[in-house]
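Colleague: Below is one structure. I have some questions about it.
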Amino acid sequence: MIKTAIVEDEAAAAAHLADCLKRYGEENGVVFSCDVYDGSVAFLESYDGRYDMVFMDIEMEHLDGMSAAKRLREMDRSVEIIFVTNMARYAIKGYEVDALDFVVKPVVYHDFEFRLKKAVDRCRSKRSAERAISVGLKGGGYAKLIVSHIKYVEIMKHRIVYHTEDGDYESHGTLKNVERELCDAGFARCNSCYLVNLKYVNSVRDMMCDVAGEKLKVSQPRKKEFLQALGRFIGG
């Protein structure tokens with residue numbers, strides 16, 4: 001399933017886009033979910049990283065689509081953005097937010113079909129190459145983290161910290177739940193505080209593990225199991 005959102009303050013235009021999505025799905029064997037938001041503020045306030053694709057009207061009251069897309073990119077770097085506008089010159093600025101494409105109003109299905117196929121292909125390719133998880137942030141909001149970019153996860157005083165190639169993200173929860181979510185993605189515990197992405201392990205010496213240049217302690221109770229997991233990862 002490809003999860004989509006339509007952010008459009010004109011009800012008729014939103015309904016027409018949803019009908020186009022439904023028609024494309026029926027004709028091409030693609031399953032879509034579709035949520036409709038009648039404004040960008042409501043969309044951003046409820047955003048939790050669930051969507052693969054967002055259709056964003058540019059001309060909306062309160063917060064225009066381009067400004068909304070910039071805020072969206074702060075929360076989610078991977079979601080595909082397709083602008084919908086009756087003034088194509090505005091959509092050209094989509095490169096500023098890495099928008100995939102734009103659709104000109106009034107939307108004609110055959111033009112929409114061509115552009116949607118590109119978006120669907122991109123989503124499928126990305127999904128097969130980059131698994132992502134949505135993380136509720138401590139200060140509010142969500143972030144979508146690419147699993148392969150997570151170096152290790154740490155628990156600190158009831159806070160979960162995701163150390164990634166793109167920076168650190170603080171969340172709530174338990175390391176046990178994170179471990180359950182990432183158990184099939186090449187992660188293993190080196191002690192009770194750290195869940196390590198094994199692809200970033202450079203070496204294990206004595207009771208220390210080098211993870212992307214950082215030294216993490218390996219506990220005696222966890223050492224054997226951690227080394228076995230590392231051996232399977234390297235060998236497999």
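Residues in the structure tokens are numbered from 1 in each chain, the chains being A, B, ... in the order shown, and ligands are numbered from 1 in the order shown.
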Could you give me, as a PyMOL selection string, the residues within 7 Å of A:Thr85, counting only C-alpha atoms and dropping anything in the same chain fewer than 2 positions from it?

Modeller: chain A and resi 57-58+83+87-88+103-105

Colleague: Looking only at the backbone, which of the residues in stretch 39-226 of chain A does DSSP tag as alpha helix (DSSP H), as a ChimeraX atom specification?

Modeller: /A:40-45,65-75,88-91,109-129,175-182,220-226

Colleague: Can you tell me which residues surround A:Ile6 at a distance of at most 9 Å, considering only C-alpha atoms, apart from same-chain residues fewer than 4 positions away, and format the answer as JSON, numbers by chain?

Modeller: {"A": [14, 17, 18, 34, 35, 36, 37, 38, 53, 54, 55, 56, 57]}

Colleague: Using only C-alpha atoms, which of the listed residues (A:Val41, A:Val147, A:Leu116, A:Met207) sits closest to A:Lys223?

Modeller: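 For A:Lys223, the nearest of the given residues is A:Met207.
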
Colleague: Just want the 10 Å neighbourhood of stretch 168-172 of chain A, counted on only C-alpha atoms, with same-chain residues fewer than 2 positions away dropped. Output as an NGL selection string.

Modeller: :A and (135-140 or 142-143 or 145 or 150-151 or 153-156 or 158-166 or 174-175)

Colleague: Excluding A:Leu198 and any residue of its chain fewer than 6 positions from it, enumerate the residues within 7 Å of it, using only C-alpha atoms, and give them as an MDAnalysis selection string.

Modeller: chainID A and resid 186:188 230

Colleague: Determine the nearest neighbour of A:Cys190 from the options A:Ile146, A:Ala229, A:Ala212, A:Val178, counting only C-alpha atoms.

Modeller: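 Nearest to A:Cys190: A:Ala229.
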